[in-house]
$ cat run04.txt   # compact mmCIF, C-alpha atoms and all ligand atoms
# COMPACT_ATOMS: atom_id res chain seq x y z
CA MET A 536 101.31 81.69 80.63
CA ARG A 537 103.48 84.28 82.28
CA GLN A 538 105.99 86.12 80.10
CA ARG A 539 109.48 84.74 80.66
CA HIS A 540 111.59 86.74 78.23
CA SER A 541 112.43 90.22 76.97
CA ASP A 542 112.37 90.75 73.20
CA TYR A 543 114.27 94.01 73.60
CA MET A 544 117.08 92.40 75.59
CA LEU A 545 117.47 89.64 73.01
CA TRP A 546 117.71 92.28 70.29
CA ALA A 547 120.11 94.46 72.29
CA LYS A 548 122.42 91.54 73.07
CA THR A 549 122.45 89.99 69.60
CA GLN A 550 121.49 92.61 66.95
CA SER A 551 122.50 96.07 68.08
CA ARG A 552 126.21 96.10 67.26
CA ALA A 553 127.57 98.15 64.37
CA ASN A 554 130.70 100.17 63.54
CA PHE A 555 128.64 103.27 64.23
CA ASN A 556 126.63 102.06 67.18
CA LEU A 557 123.94 104.57 68.08
CA ALA A 558 121.82 101.84 69.70
CA THR A 559 123.41 102.62 73.07
CA SER A 560 121.71 104.08 76.13
CA GLY A 561 124.57 104.87 78.50
CA VAL A 562 127.91 106.66 78.36
CA GLY A 563 131.11 104.93 77.25
CA SER A 564 133.00 102.58 79.55
CA PHE A 565 135.07 104.08 82.35
CA PRO A 566 138.36 102.11 82.40
CA LEU A 567 139.55 100.38 85.56
CA ARG A 568 143.03 101.89 85.12
CA ASP A 569 141.56 105.37 85.74
CA LEU A 570 140.22 104.36 89.17
CA PRO A 571 142.74 104.97 91.96
CA VAL A 572 142.84 101.34 93.03
CA THR A 573 145.63 98.85 93.76
CA ILE A 574 145.32 95.10 93.97
CA ASP A 575 145.85 95.06 97.74
CA GLN A 576 142.64 97.11 98.12
CA LEU A 577 140.68 94.23 96.58
CA GLU A 578 139.59 90.97 98.14
CA ILE A 579 137.50 88.04 96.97
CA ASN A 580 135.39 87.41 100.07
CA GLY A 581 133.99 89.93 102.51
CA ASP A 582 131.46 90.66 105.18
CA SER A 583 128.29 91.19 103.17
CA THR A 584 125.00 90.14 104.73
CA TYR A 585 122.08 92.51 104.28
CA GLY A 586 124.46 94.89 102.52
CA TYR A 587 128.18 95.59 102.80
CA ALA A 588 128.40 98.37 105.40
CA PRO A 589 130.92 100.64 103.60
CA LEU A 590 128.89 100.43 100.39
CA GLN A 591 125.59 100.99 102.21
CA HIS A 592 127.08 104.13 103.77
CA ALA A 593 128.59 105.40 100.52
CA ILE A 594 125.27 105.03 98.66
CA ALA A 595 123.33 106.57 101.57
CA LYS A 596 125.72 109.56 101.60
CA LYS A 597 125.39 110.10 97.86
CA CYS A 598 121.57 110.01 98.10
CA GLY A 599 121.22 111.98 101.36
CA VAL A 600 119.34 109.15 103.09
CA ASP A 601 119.80 106.80 106.03
CA PRO A 602 121.60 103.50 105.18
CA ASP A 603 118.47 101.65 106.40
CA CYS A 604 116.68 102.94 103.30
CA VAL A 605 119.22 101.46 100.87
CA VAL A 606 118.87 98.02 99.29
CA ALA A 607 121.87 97.14 97.14
CA ALA A 608 121.09 95.26 93.92
CA THR A 609 122.76 93.98 90.77
CA GLY A 610 122.20 96.99 88.51
CA THR A 611 118.98 98.91 88.08
CA SER A 612 117.70 95.78 86.32
CA MET A 613 117.68 93.71 89.50
CA ALA A 614 116.69 96.74 91.56
CA ASN A 615 113.55 97.08 89.43
CA HIS A 616 112.75 93.38 89.58
CA LEU A 617 113.27 93.17 93.34
CA ALA A 618 111.31 96.35 94.05
CA MET A 619 108.35 95.32 91.90
CA ALA A 620 108.36 91.73 93.17
CA THR A 621 108.20 93.07 96.74
CA LEU A 622 105.48 95.60 96.01
CA ILE A 623 102.98 93.56 94.00
CA ASP A 624 101.25 90.19 93.94
CA PRO A 625 100.03 88.43 90.77
CA GLY A 626 96.85 90.10 89.51
CA ASP A 627 97.60 93.45 91.16
CA GLU A 628 96.82 96.56 89.17
CA VAL A 629 99.87 98.54 88.08
CA LEU A 630 99.91 101.80 86.12
CA LEU A 631 102.89 102.01 83.79
CA GLU A 632 103.90 104.92 81.57
CA GLN A 633 103.70 104.48 77.79
CA PRO A 634 106.24 104.62 76.17
CA THR A 635 108.77 103.16 78.59
CA TYR A 636 111.79 100.88 78.97
CA GLU A 637 110.74 97.44 77.73
CA LEU A 638 112.24 95.56 80.69
CA LEU A 639 109.79 97.29 83.03
CA THR A 640 106.90 96.02 80.95
CA SER A 641 108.19 92.47 80.54
CA THR A 642 109.13 92.19 84.22
CA LEU A 643 105.65 93.33 85.26
CA PHE A 644 104.12 90.75 82.92
CA TYR A 645 106.45 88.10 84.36
CA LEU A 646 105.27 89.04 87.85
CA GLY A 647 101.66 88.60 86.74
CA ALA A 648 100.64 92.24 87.14
CA SER A 649 97.49 93.60 85.56
CA VAL A 650 99.11 96.47 83.65
CA LYS A 651 97.33 99.66 82.60
CA ARG A 652 99.25 102.22 80.54
CA PHE A 653 99.15 105.99 81.10
CA ALA A 654 100.29 108.07 78.15
CA ARG A 655 103.32 110.30 77.97
CA SER A 656 102.27 111.65 74.63
CA GLU A 657 104.56 112.78 71.87
CA GLU A 658 102.33 115.85 71.37
CA SER A 659 103.08 116.97 74.93
CA GLY A 660 106.80 116.30 74.45
CA TYR A 661 106.54 113.05 76.50
CA ALA A 662 105.85 115.07 79.68
CA LEU A 663 104.69 113.27 82.81
CA ASP A 664 101.00 114.21 83.01
CA PRO A 665 99.35 113.53 86.40
CA ALA A 666 95.92 113.95 84.78
CA GLU A 667 96.60 110.76 82.81
CA VAL A 668 97.39 108.92 86.06
CA ARG A 669 94.25 110.36 87.67
CA ARG A 670 92.19 109.11 84.72
CA LEU A 671 93.34 105.51 85.23
CA ILE A 672 93.95 105.10 88.95
CA THR A 673 91.47 102.99 90.95
CA PRO A 674 91.27 101.80 94.56
CA ARG A 675 92.82 98.56 93.27
CA THR A 676 95.99 100.26 92.01
CA LYS A 677 99.03 99.03 93.93
CA LEU A 678 101.87 100.61 92.01
CA ILE A 679 102.62 103.40 89.53
CA VAL A 680 105.82 102.96 87.50
CA LEU A 681 107.75 105.58 85.54
CA THR A 682 111.25 106.56 84.45
CA ASN A 683 112.95 109.89 85.19
CA LEU A 684 114.72 110.90 83.03
CA HIS A 685 112.23 109.29 80.71
CA ASN A 686 113.45 106.43 78.56
CA PRO A 687 113.31 106.79 75.54
CA SER A 688 112.91 110.60 75.36
CA SER A 689 115.20 111.81 78.21
CA VAL A 690 112.49 114.26 79.30
CA LEU A 691 112.78 115.39 82.94
CA ALA A 692 109.59 115.18 85.04
CA SER A 693 108.85 118.31 87.07
CA GLU A 694 108.85 118.03 90.86
CA SER A 695 105.26 119.27 90.94
CA ALA A 696 104.12 116.52 88.53
CA LEU A 697 105.92 113.91 90.63
CA ARG A 698 104.30 115.26 93.79
CA GLU A 699 100.86 115.11 92.18
CA VAL A 700 101.45 111.49 91.15
CA GLY A 701 102.64 110.78 94.70
CA ASP A 702 99.43 112.30 96.14
CA LEU A 703 97.32 110.19 93.79
CA ALA A 704 99.20 107.07 94.90
CA LEU A 705 98.73 107.98 98.57
CA SER A 706 95.00 108.43 98.05
CA VAL A 707 94.66 104.70 97.21
CA GLY A 708 97.54 103.35 99.33
CA ALA A 709 99.78 102.67 96.32
CA HIS A 710 103.51 103.24 95.78
CA VAL A 711 105.29 105.10 92.99
CA LEU A 712 108.37 103.39 91.56
CA VAL A 713 110.68 105.85 89.81
CA ASP A 714 113.53 104.39 87.78
CA GLU A 715 116.14 107.15 87.99
CA VAL A 716 119.00 105.42 86.21
CA TYR A 717 119.45 108.46 83.91
CA LEU A 718 118.73 111.24 86.44
CA ASP A 719 122.37 112.09 87.16
CA ALA A 720 122.73 113.04 83.50
CA VAL A 721 121.01 116.28 84.55
CA TYR A 722 124.35 117.97 85.02
CA THR A 723 123.20 121.27 86.48
CA ASP A 724 120.82 121.51 89.44
CA THR A 725 120.60 117.72 89.53
CA PRO A 726 117.29 116.87 91.26
CA GLU A 727 117.41 114.89 94.47
CA PRO A 728 116.13 111.31 94.29
CA SER A 729 112.32 111.41 94.34
CA TYR A 730 112.49 109.21 97.45
CA HIS A 731 112.73 112.53 99.31
CA LEU A 732 109.24 113.50 98.14
CA GLY A 733 107.55 111.04 100.51
CA PRO A 734 107.39 107.45 101.76
CA GLU A 735 105.13 106.47 98.87
CA PHE A 736 108.14 106.84 96.55
CA VAL A 737 110.52 103.98 95.80
CA VAL A 738 113.57 104.77 93.67
CA THR A 739 115.81 102.50 91.61
CA THR A 740 119.12 103.45 90.05
CA SER A 741 122.74 102.42 89.49
CA LEU A 742 126.20 103.58 88.42
CA THR A 743 125.72 102.17 84.92
CA LYS A 744 124.26 104.61 82.40
CA VAL A 745 125.63 107.98 83.53
CA TYR A 746 128.99 106.82 84.84
CA GLY A 747 130.14 104.14 82.39
CA LEU A 748 130.50 101.62 85.23
CA SER A 749 128.00 99.03 84.05
CA GLY A 750 130.36 96.12 84.73
CA LEU A 751 130.31 96.84 88.46
CA ARG A 752 126.55 96.21 88.47
CA CYS A 753 126.33 98.66 91.38
CA GLY A 754 122.60 99.34 91.66
CA TRP A 755 120.27 100.09 94.52
CA ILE A 756 116.74 100.76 95.69
CA LEU A 757 115.72 103.59 98.03
CA ALA A 758 112.67 102.69 100.11
CA GLU A 759 111.36 103.44 103.58
CA PRO A 760 113.08 101.14 106.13
CA ASP A 761 110.27 98.56 106.64
CA LEU A 762 109.90 98.15 102.91
CA ALA A 763 113.67 98.05 102.46
CA ARG A 764 113.85 95.19 105.00
CA ALA A 765 111.16 93.27 103.10
CA MET A 766 113.20 93.74 99.91
CA TRP A 767 116.36 92.41 101.56
CA ARG A 768 114.40 89.35 102.71
CA LEU A 769 113.04 88.69 99.21
CA ASN A 770 116.51 89.21 97.77
CA ASP A 771 117.60 86.13 99.70
CA LEU A 772 115.50 84.16 97.21
CA PHE A 773 116.99 85.93 94.18
CA ALA A 774 120.64 86.95 94.54
CA SER A 775 121.37 86.26 98.22
CA ILE A 776 125.07 87.25 98.38
CA PRO A 777 126.65 89.79 96.01
CA ALA A 778 130.08 89.57 94.37
CA HIS A 779 132.42 91.16 96.90
CA PRO A 780 135.16 92.51 94.56
CA THR A 781 132.55 94.72 92.88
CA GLU A 782 131.34 95.95 96.26
CA LEU A 783 134.89 97.12 97.00
CA LEU A 784 135.27 98.72 93.58
CA SER A 785 131.86 100.36 93.91
CA VAL A 786 132.89 102.03 97.18
CA LEU A 787 135.97 103.42 95.41
CA ALA A 788 133.89 104.54 92.44
CA LEU A 789 131.46 106.34 94.75
CA GLU A 790 134.42 108.17 96.34
CA ASN A 791 135.46 109.40 92.86
CA LEU A 792 132.02 109.92 91.37
CA ASP A 793 132.28 113.61 90.49
CA TYR A 794 135.38 113.03 88.41
CA ILE A 795 133.82 110.01 86.68
CA ARG A 796 130.65 111.95 85.86
CA GLU A 797 132.46 115.03 84.53
CA ARG A 798 134.50 112.92 82.13
CA ALA A 799 131.34 111.53 80.55
CA ARG A 800 129.55 114.87 80.64
CA LYS A 801 131.93 116.40 78.09
CA ILE A 802 131.11 113.64 75.59
CA VAL A 803 127.35 113.76 76.24
CA GLU A 804 127.27 117.54 75.79
CA ALA A 805 129.34 117.48 72.60
CA ASP A 806 127.05 114.77 71.19
CA ARG A 807 123.93 116.71 72.15
CA ALA A 808 125.25 119.82 70.37
CA GLY A 809 125.78 117.65 67.27
CA LEU A 810 122.27 116.22 67.58
CA ARG A 811 120.74 119.72 67.81
CA GLU A 812 122.49 120.79 64.62
CA PHE A 813 121.44 117.59 62.89
CA LEU A 814 117.78 117.96 63.88
CA ALA A 815 117.73 121.61 62.82
CA THR A 816 118.67 120.63 59.27
CA GLN A 817 116.53 117.49 58.94
CA LYS A 818 112.94 117.46 57.74
CA ALA A 819 112.71 113.65 57.54
CA VAL A 820 112.92 113.19 61.33
CA SER A 821 111.64 115.10 64.36
CA SER A 822 112.31 114.86 68.08
CA PRO A 823 111.52 116.93 71.17
CA ARG A 824 114.52 119.07 72.11
CA THR A 825 115.83 117.94 75.49
CA GLU A 826 118.59 119.44 77.58
CA PHE A 827 119.75 116.33 79.37
CA GLY A 828 120.20 112.60 79.11
CA THR A 829 121.90 110.05 76.94
CA THR A 830 119.05 109.01 74.63
CA ALA A 831 116.77 110.71 72.11
CA ILE A 832 113.70 109.34 70.34
CA LEU A 833 113.27 110.37 66.70
CA ARG A 834 110.12 110.10 64.58
CA LEU A 835 110.56 109.15 60.96
CA ALA A 836 108.29 111.45 58.92
CA ARG A 837 107.49 108.81 56.28
CA GLY A 838 108.28 105.22 55.38
CA SER A 839 108.84 102.11 57.43
CA VAL A 840 111.26 102.41 60.38
CA GLU A 841 112.08 98.69 60.18
CA ASP A 842 113.11 99.00 56.49
CA PHE A 843 115.02 102.18 57.23
CA LEU A 844 116.97 100.61 60.12
CA THR A 845 117.78 97.49 58.10
CA ARG A 846 119.22 99.66 55.32
CA LEU A 847 121.01 101.88 57.84
CA HIS A 848 122.68 98.77 59.25
CA THR A 849 123.60 96.99 56.03
CA ASP A 850 124.47 99.95 53.78
CA PHE A 851 125.69 102.49 56.35
CA GLU A 852 127.07 100.29 59.19
CA THR A 853 124.99 102.23 61.70
CA SER A 854 122.57 100.95 64.34
CA ALA A 855 119.71 102.51 66.30
CA VAL A 856 116.99 100.97 68.48
CA PRO A 857 113.69 100.24 66.70
CA GLY A 858 110.82 102.19 68.25
CA ARG A 859 108.65 99.07 68.34
CA PHE A 860 110.37 98.16 71.62
CA PHE A 861 108.75 101.25 73.10
CA GLY A 862 105.41 100.80 71.35
CA LEU A 863 106.48 103.55 68.90
CA PRO A 864 106.66 101.82 65.50
CA ASN A 865 107.32 105.09 63.60
CA HIS A 866 110.32 106.01 65.73
CA PHE A 867 113.86 104.98 66.52
CA ARG A 868 116.09 105.75 69.51
CA ILE A 869 119.68 106.89 69.42
CA GLY A 870 122.21 107.12 72.26
CA MET A 871 124.83 109.72 73.19
CA GLY A 872 127.92 109.79 75.39
CA VAL A 873 130.15 107.03 74.03
CA ASP A 874 132.44 108.65 71.43
CA THR A 875 131.71 111.97 69.75
CA GLU A 876 133.53 111.17 66.52
CA MET A 877 131.54 107.95 66.15
CA PHE A 878 128.27 109.68 67.09
CA LEU A 879 128.69 112.52 64.58
CA GLU A 880 129.65 110.09 61.82
CA GLY A 881 126.63 107.95 62.75
CA LEU A 882 124.38 111.02 62.43
CA GLN A 883 125.89 111.83 59.03
CA ARG A 884 125.13 108.29 57.93
CA ILE A 885 121.57 108.53 59.23
CA GLY A 886 121.30 111.77 57.21
CA ARG A 887 122.53 110.01 54.06
CA ALA A 888 120.17 107.06 54.60
CA LEU A 889 117.25 109.48 55.13
CA LYS A 890 117.81 110.98 51.67
CA THR A 891 116.71 107.69 50.15
CA VAL A 892 113.56 107.13 52.27
C1 LIG B 901 115.19 102.90 82.32
C2 LIG B 901 116.23 101.84 82.50
N1 LIG B 901 116.31 101.19 83.66
C3 LIG B 901 117.23 100.23 83.87
C4 LIG B 901 118.13 99.89 82.89
C5 LIG B 901 119.15 98.82 83.19
O1 LIG B 901 120.10 99.38 84.03
P1 LIG B 901 121.32 98.55 84.62
O2 LIG B 901 122.34 98.44 83.55
O3 LIG B 901 121.78 99.38 85.78
O4 LIG B 901 120.82 97.23 85.05
C6 LIG B 901 118.08 100.53 81.65
C7 LIG B 901 118.99 100.14 80.57
O5 LIG B 901 118.89 100.52 79.44
C8 LIG B 901 117.11 101.54 81.46
O6 LIG B 901 117.03 102.21 80.30

$ encode --input "run04.txt" --output "structure tokens"
Amino acid sequence: MRQRHSDYMLWAKTQSRANFNLATSGVGSFPLRDLPVTIDQLEINGDSTYGYAPLQHAIAKKCGVDPDCVVAATGTSMANHLAMATLIDPGDEVLLEQPTYELLTSTLFYLGASVKRFARSEESGYALDPAEVRRLITPRTKLIVLTNLHNPSSVLASESALREVGDLALSVGAHVLVDEVYLDAVYTDTPEPSYHLGPEFVVTTSLTKVYGLSGLRCGWILAEPDLARAMWRLNDLFASIPAHPTELLSVLALENLDYIRERARKIVEADRAGLREFLATQKAVSSPRTEFGTTAILRLARGSVEDFLTRLHTDFETSAVPGRFFGLPNHFRIGMGVDTEMFLEGLQRIGRALKTV
């Protein structure tokens, strides 16, 4: 039986809420009133076939690519599903990082992939290690899948490591899918999309996590033009025609992206400073220090994470994501970038709960 559900998504949609919600992964919502838009700029129906031309051009400009390489999709979620469904057949061998975002795993299982996991080990600070890929790759490998920034750790993969993984993929005729939904949270010297490293790279991303624009569902895939065309054709079976009002709003958002990103950056950076202080004083948890990103993965030194998170929720009104969703049962993930006051209070509450572990 193929997998037809995501345990993480069920948990996130039904269990993650709390007054001090640190179970987030993206920045806080950007309000519509702060976008320079009037009602006469919106319309219900529009000319969207294989993309809406103004949106295709705006995404292509942001990414420094030709519009023929852009496949618009409903969030990174649909971008991932569409990209993987185009690239693999049931039974194909896929190498997937461990730990990773649970939806990548469950979607690959749904698609019938034969999944092998390459480690991004805690000991190495969750770094992308091409040697691990080399150890597992075979002539049957069709796809290598990873996140950059890495979810859950927010670690940035080096360009040289990505290139090495790309070379390994090329050597067996495979592709590398890089989910870059968090990459723009590298606020200084933001790397270019890894699509620029070579045609073996396929990139997925969106305006959700780093920009607070999740409701627009403005996501996309970057792929070489023949592959992009194949993805558009498969998309006819999935989503066919997108919602036009969000295409219009997405074009406006892309025109104002720097402003939208800077607003969130201040919150993310204040939260990260708070997290650093917290980690420096805590012996009961440890985490690799990262410079970027909106999530951090923390190891609980002793005791059961599930018991700890239940108590954190009921006694301290604070939520965090159980590490079991990443195959890390001794860990939990927290999110930054929503509201610094709430984040710092949530950390305090985690600190108080840790005293009783
Ligand atoms: C790595 C990763 N990819 C994709 C998504 C989903 O992104 P979107 O909201 O754009 O569909 C998430 C959400 O948490 C994520 O962590």

$ residues_near_ligand --input "run04.txt" --ligand "ligand LIG 901 (chain B)" --cutoff "9 Å" --atoms "only C-alpha atoms and all ligand atoms" --output "PyMOL selection string"
chain A and resi 559-561+609-615+635-639+681-687+714-717+739-744+748-750+752-755

$ write_last_selection --input "run04.txt" --atoms "C-alpha atoms" --output "PDB file, in the coordinates of the input"
ATOM      1  CA  THR A 559     123.410 102.620  73.070  1.00  0.00           C
ATOM      2  CA  SER A 560     121.710 104.080  76.130  1.00  0.00           C
ATOM      3  CA  GLY A 561     124.570 104.870  78.500  1.00  0.00           C
ATOM      4  CA  THR A 609     122.760  93.980  90.770  1.00  0.00           C
ATOM      5  CA  GLY A 610     122.200  96.990  88.510  1.00  0.00           C
ATOM      6  CA  THR A 611     118.980  98.910  88.080  1.00  0.00           C
ATOM      7  CA  SER A 612     117.700  95.780  86.320  1.00  0.00           C
ATOM      8  CA  MET A 613     117.680  93.710  89.500  1.00  0.00           C
ATOM      9  CA  ALA A 614     116.690  96.740  91.560  1.00  0.00           C
ATOM     10  CA  ASN A 615     113.550  97.080  89.430  1.00  0.00           C
ATOM     11  CA  THR A 635     108.770 103.160  78.590  1.00  0.00           C
ATOM     12  CA  TYR A 636     111.790 100.880  78.970  1.00  0.00           C
ATOM     13  CA  GLU A 637     110.740  97.440  77.730  1.00  0.00           C
ATOM     14  CA  LEU A 638     112.240  95.560  80.690  1.00  0.00           C
ATOM     15  CA  LEU A 639     109.790  97.290  83.030  1.00  0.00           C
ATOM     16  CA  LEU A 681     107.750 105.580  85.540  1.00  0.00           C
ATOM     17  CA  THR A 682     111.250 106.560  84.450  1.00  0.00           C
ATOM     18  CA  ASN A 683     112.950 109.890  85.190  1.00  0.00           C
ATOM     19  CA  LEU A 684     114.720 110.900  83.030  1.00  0.00           C
ATOM     20  CA  HIS A 685     112.230 109.290  80.710  1.00  0.00           C
ATOM     21  CA  ASN A 686     113.450 106.430  78.560  1.00  0.00           C
ATOM     22  CA  PRO A 687     113.310 106.790  75.540  1.00  0.00           C
ATOM     23  CA  ASP A 714     113.530 104.390  87.780  1.00  0.00           C
ATOM     24  CA  GLU A 715     116.140 107.150  87.990  1.00  0.00           C
ATOM     25  CA  VAL A 716     119.000 105.420  86.210  1.00  0.00           C
ATOM     26  CA  TYR A 717     119.450 108.460  83.910  1.00  0.00           C
ATOM     27  CA  THR A 739     115.810 102.500  91.610  1.00  0.00           C
ATOM     28  CA  THR A 740     119.120 103.450  90.050  1.00  0.00           C
ATOM     29  CA  SER A 741     122.740 102.420  89.490  1.00  0.00           C
ATOM     30  CA  LEU A 742     126.200 103.580  88.420  1.00  0.00           C
ATOM     31  CA  THR A 743     125.720 102.170  84.920  1.00  0.00           C
ATOM     32  CA  LYS A 744     124.260 104.610  82.400  1.00  0.00           C
ATOM     33  CA  LEU A 748     130.500 101.620  85.230  1.00  0.00           C
ATOM     34  CA  SER A 749     128.000  99.030  84.050  1.00  0.00           C
ATOM     35  CA  GLY A 750     130.360  96.120  84.730  1.00  0.00           C
ATOM     36  CA  ARG A 752     126.550  96.210  88.470  1.00  0.00           C
ATOM     37  CA  CYS A 753     126.330  98.660  91.380  1.00  0.00           C
ATOM     38  CA  GLY A 754     122.600  99.340  91.660  1.00  0.00           C
ATOM     39  CA  TRP A 755     120.270 100.090  94.520  1.00  0.00           C
TER      40      TRP A 755
END

$ closest_residue --input "run04.txt" --among "A:Leu783, A:Arg824, A:Phe860, A:Ala815" --to "Leu545 (chain A)" --atoms "only C-alpha atoms"
A:Phe860

$ closest_residue --input "run04.txt" --among "A:Thr830, A:Gln883, A:Thr642, A:Thr816" --to "Thr853 (chain A)" --atoms "only C-alpha atoms"
A:Gln883

$ residues_near_point --input "run04.txt" --point "(112.8, 115.6, 83.9)" --cutoff "12 Å" --atoms "only C-alpha atoms" --output "number ranges by chain"
A: 660-664, 681-686, 688-697, 713-715, 717-722, 724-729, 825-828

$ atom_distance --input "run04.txt" --atom1 "CA of Leu769 (chain A)" --atom2 "CA of Gly626 (chain A)"
18.9 Å

$ residues_around --input "run04.txt" --residues "Phe851 (chain A)" --least-positions-apart "5" --cutoff "10 Å" --atoms "only C-alpha atoms" --output "list of chain:residue names"
A:Ala553, A:Asn554, A:Phe555, A:Leu844, A:Thr845, A:Arg846, A:Gly881, A:Gln883, A:Arg884, A:Ile885, A:Arg887, A:Ala888

$ write_last_selection --input "run04.txt" --atoms "C-alpha atoms" --output "mmCIF file, in the coordinates of the input"
data_model
loop_
_atom_site.group_PDB
_atom_site.id
_atom_site.type_symbol
_atom_site.label_atom_id
_atom_site.label_comp_id
_atom_site.auth_asym_id
_atom_site.auth_seq_id
_atom_site.Cartn_x
_atom_site.Cartn_y
_atom_site.Cartn_z
ATOM 1 C CA ALA A 553 127.570 98.150 64.370
ATOM 2 C CA ASN A 554 130.700 100.170 63.540
ATOM 3 C CA PHE A 555 128.640 103.270 64.230
ATOM 4 C CA LEU A 844 116.970 100.610 60.120
ATOM 5 C CA THR A 845 117.780 97.490 58.100
ATOM 6 C CA ARG A 846 119.220 99.660 55.320
ATOM 7 C CA GLY A 881 126.630 107.950 62.750
ATOM 8 C CA GLN A 883 125.890 111.830 59.030
ATOM 9 C CA ARG A 884 125.130 108.290 57.930
ATOM 10 C CA ILE A 885 121.570 108.530 59.230
ATOM 11 C CA ARG A 887 122.530 110.010 54.060
ATOM 12 C CA ALA A 888 120.170 107.060 54.600
#

$ decode --input "run04.txt" --residues "region 662-680 of chain A" --atoms "N, CA and C atoms" --output "short mmCIF file (atom, residue, chain, number, x, y, z; two decimals), in the first residue's frame"
data_model
loop_
_atom_site.label_atom_id
_atom_site.label_comp_id
_atom_site.auth_asym_id
_atom_site.auth_seq_id
_atom_site.Cartn_x
_atom_site.Cartn_y
_atom_site.Cartn_z
N ALA A 662 25.92 19.07 8.59
CA ALA A 662 26.47 19.53 7.30
C ALA A 662 26.09 18.58 6.18
N LEU A 663 25.99 19.12 4.97
CA LEU A 663 25.79 18.27 3.78
C LEU A 663 27.14 17.64 3.46
N ASP A 664 27.19 16.29 3.49
CA ASP A 664 28.46 15.58 3.33
C ASP A 664 28.40 14.75 2.04
N PRO A 665 29.06 15.22 0.96
CA PRO A 665 29.01 14.48 -0.30
C PRO A 665 29.51 13.04 -0.18
N ALA A 666 30.40 12.79 0.78
CA ALA A 666 30.91 11.42 0.95
C ALA A 666 29.77 10.47 1.29
N GLU A 667 28.80 10.95 2.04
CA GLU A 667 27.64 10.12 2.39
C GLU A 667 26.82 9.79 1.14
N VAL A 668 26.70 10.77 0.24
CA VAL A 668 25.97 10.54 -1.01
C VAL A 668 26.74 9.54 -1.86
N ARG A 669 28.07 9.73 -1.90
CA ARG A 669 28.91 8.83 -2.70
C ARG A 669 28.78 7.39 -2.21
N ARG A 670 28.69 7.24 -0.89
CA ARG A 670 28.58 5.90 -0.28
C ARG A 670 27.31 5.18 -0.75
N LEU A 671 26.24 5.93 -0.99
CA LEU A 671 24.94 5.29 -1.27
C LEU A 671 24.54 5.28 -2.74
N ILE A 672 25.13 6.17 -3.53
CA ILE A 672 24.65 6.32 -4.91
C ILE A 672 24.95 5.06 -5.73
N THR A 673 24.03 4.72 -6.63
CA THR A 673 24.24 3.56 -7.52
C THR A 673 23.82 3.99 -8.93
N PRO A 674 24.11 3.16 -9.93
CA PRO A 674 23.66 3.51 -11.29
C PRO A 674 22.14 3.58 -11.38
N ARG A 675 21.44 3.05 -10.36
CA ARG A 675 19.97 3.07 -10.40
C ARG A 675 19.39 4.34 -9.77
N THR A 676 20.25 5.16 -9.17
CA THR A 676 19.75 6.36 -8.50
C THR A 676 19.20 7.36 -9.54
N LYS A 677 17.98 7.81 -9.31
CA LYS A 677 17.36 8.76 -10.24
C LYS A 677 17.34 10.18 -9.68
N LEU A 678 17.33 10.27 -8.35
CA LEU A 678 17.13 11.59 -7.75
C LEU A 678 17.80 11.64 -6.38
N ILE A 679 18.37 12.82 -6.08
CA ILE A 679 18.94 13.08 -4.76
C ILE A 679 18.16 14.29 -4.22
N VAL A 680 17.66 14.19 -2.99
CA VAL A 680 16.78 15.24 -2.47
C VAL A 680 17.35 15.81 -1.18
#
